[in-house]
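Colleague: Got a structure for you, upload.cif, holding mmCIF, C-alpha atoms.
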data_model
#
loop_
_atom_site.group_PDB
_atom_site.id
_atom_site.type_symbol
_atom_site.label_atom_id
_atom_site.label_comp_id
_atom_site.auth_asym_id
_atom_site.auth_seq_id
_atom_site.Cartn_x
_atom_site.Cartn_y
_atom_site.Cartn_z
ATOM 1 C CA MET Q 232 -8.365 122.266 58.131
ATOM 2 C CA PHE Q 233 -9.284 121.357 61.714
ATOM 3 C CA ALA Q 234 -11.263 118.343 60.486
ATOM 4 C CA LEU Q 235 -8.235 117.120 58.534
ATOM 5 C CA LEU Q 236 -6.087 117.375 61.640
ATOM 6 C CA CYS Q 237 -8.692 115.417 63.625
ATOM 7 C CA TYR Q 238 -8.803 112.700 60.965
ATOM 8 C CA ILE Q 239 -5.012 112.426 60.992
ATOM 9 C CA ILE Q 240 -4.948 112.098 64.789
ATOM 10 C CA LEU Q 241 -7.736 109.498 64.744
ATOM 11 C CA GLY Q 242 -5.872 107.605 62.013
ATOM 12 C CA LEU Q 243 -2.683 107.540 64.092
ATOM 13 C CA ILE Q 244 -4.588 106.297 67.139
ATOM 14 C CA ALA Q 245 -6.256 103.574 65.057
ATOM 15 C CA ALA Q 246 -2.897 102.564 63.561
ATOM 16 C CA PHE Q 247 -1.384 102.276 67.044
ATOM 17 C CA ILE Q 248 -4.262 100.113 68.267
ATOM 18 C CA ILE Q 249 -4.005 97.862 65.217
ATOM 19 C CA ALA Q 250 -0.229 97.542 65.708
ATOM 20 C CA VAL Q 251 -0.733 96.487 69.321
ATOM 21 C CA ILE Q 252 -3.344 93.911 68.316
ATOM 22 C CA ILE Q 253 -1.085 92.510 65.594
ATOM 23 C CA GLY Q 254 1.861 92.429 68.008
ATOM 24 C CA VAL Q 255 -0.127 90.447 70.552
ATOM 25 C CA ALA Q 256 -1.455 88.135 67.848
ATOM 26 C CA LYS Q 257 2.094 87.376 66.651
ATOM 27 C CA GLN Q 258 3.164 86.224 70.107
ATOM 28 C CA THR Q 259 3.545 82.528 70.535
ATOM 29 C CA PRO Q 260 1.594 80.812 73.310
ATOM 30 C CA GLU Q 261 4.868 80.361 75.207
ATOM 31 C CA GLN Q 262 5.553 84.098 75.077
ATOM 32 C CA ARG Q 263 2.019 84.887 76.258
ATOM 33 C CA ALA Q 264 2.401 82.361 79.070
ATOM 34 C CA LYS Q 265 5.712 83.971 80.092
ATOM 35 C CA VAL Q 266 4.167 87.455 80.170
ATOM 36 C CA TYR Q 267 1.247 86.182 82.231
ATOM 37 C CA GLU Q 268 3.589 84.319 84.587
ATOM 38 C CA ASP Q 269 5.641 87.504 85.120
ATOM 39 C CA TYR Q 270 2.411 89.399 85.833
ATOM 40 C CA LEU Q 271 1.353 86.810 88.408
ATOM 41 C CA GLN Q 272 4.785 86.889 90.067
ATOM 42 C CA LYS Q 273 4.673 90.686 90.361
ATOM 43 C CA LYS Q 274 1.158 90.489 91.764
ATOM 44 C CA ALA Q 275 2.231 87.871 94.328
ATOM 45 C CA GLN Q 276 5.256 89.994 95.285
ATOM 46 C CA LYS Q 277 3.040 93.039 95.869
ATOM 47 C CA ALA Q 278 0.652 90.953 97.978
ATOM 48 C CA LYS Q 279 3.585 89.638 100.017
ATOM 49 C CA GLU Q 280 4.933 93.161 100.583
ATOM 50 C CA LYS Q 281 1.489 94.336 101.639
ATOM 51 C CA GLU Q 282 1.179 91.433 104.073
ATOM 52 C CA GLU Q 283 4.627 92.213 105.529
ATOM 53 C CA GLU Q 284 3.602 95.843 105.999
ATOM 54 C CA LEU Q 285 0.420 94.754 107.797
ATOM 55 C CA LYS Q 286 2.439 92.447 110.055
ATOM 56 C CA ARG Q 287 4.864 95.256 110.840
ATOM 57 C CA ARG Q 288 2.014 97.613 111.718
ATOM 58 C CA ARG Q 289 0.291 94.953 113.790
ATOM 59 C CA ARG Q 290 3.492 94.379 115.776
ATOM 60 C CA TYR Q 291 3.830 98.108 116.345
ATOM 61 C CA TYR Q 292 0.233 98.505 117.516
ATOM 62 C CA MET Q 293 0.679 95.621 119.950
ATOM 63 C CA SER Q 294 3.924 97.065 121.357
ATOM 64 C CA LYS Q 295 4.575 99.178 124.424
ATOM 65 C CA GLN Q 296 6.011 101.900 122.185
ATOM 66 C CA TYR Q 297 2.591 102.405 120.566
ATOM 67 C CA GLU Q 298 0.974 102.708 123.989
ATOM 68 C CA LYS Q 299 3.557 105.325 124.971
ATOM 69 C CA ASP Q 300 3.180 107.230 121.670
ATOM 70 C CA HIS Q 301 -0.593 107.130 121.941
ATOM 71 C CA SER Q 302 -0.638 108.355 125.535
ATOM 72 C CA ASP Q 303 1.761 111.165 124.586
ATOM 73 C CA ARG Q 304 -0.483 112.188 121.684
ATOM 74 C CA VAL Q 305 -3.570 112.167 123.910
ATOM 75 C CA ARG Q 306 -1.796 114.154 126.624
ATOM 76 C CA ASN Q 307 -0.544 116.715 124.096
ATOM 77 C CA TRP Q 308 -4.000 117.007 122.543
ATOM 78 C CA LEU Q 309 -5.608 117.569 125.943
ATOM 79 C CA LEU Q 310 -2.983 120.138 126.903
ATOM 80 C CA SER Q 311 -3.508 121.991 123.650
ATOM 81 C CA ARG Q 312 -7.218 122.268 124.437
ATOM 82 C CA LEU Q 313 -6.587 124.070 127.738
#
Let's see the structure in the file written out as structure tokens.

Modeller:
Amino acid sequence: MFALLCYIILGLIAAFIIAVIIGVAKQTPEQRAKVYEDYLQKKAQKAKEKEEELKRRRRYYMSKQYEKDHSDRVRNWLLSRL
């Protein structure tokens, strides 16, 4: 009984994989190009957001506010050790 259940599950997984392969094969080259273009745009957007975050952090670390925050953290750490 358990073996039959395993075979059914494996059959469903195989059917799903075959359906995905057939679905991709039925796509026209234009559709595949569109999907790939969307993927590249999303990847570029994520890279741009990451770069903006790095710039924001860099500006903060170069600012006077960071120096003040850092000195406060060091002072508090030293006081906590007394």

Colleague: Rounded to one decimal place, report the CA of Pro260 in chain Q-CA of Leu243 in chain Q distance in Å.

Modeller: 28.6 Å

Colleague: Do you have the CA of Val266 in chain Q-CA of Lys281 in chain Q distance handy?

Modeller: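 Spanning CA of Val266 in chain Q to CA of Lys281 in chain Q is a straight-line distance of 22.7 Å.
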
Colleague: So what do you get for CA of Arg263 in chain Q versus CA of Lys279 in chain Q, distance-wise?

Modeller: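 CA of Arg263 in chain Q sits 24.3 Å away from CA of Lys279 in chain Q.
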
Colleague: Produce the centre coordinates and the three edge lengths, each in Å to one decimal, of the box along x, y and z that contains all listed atoms of range 294-305 of chain Q with 6 Å added on each side, as lines of an AutoDock Vina configuration file.

Modeller:
center_x = 1.2
center_y = 104.6
center_z = 123.1
size_x = 21.6
size_y = 27.1
size_z = 17.0
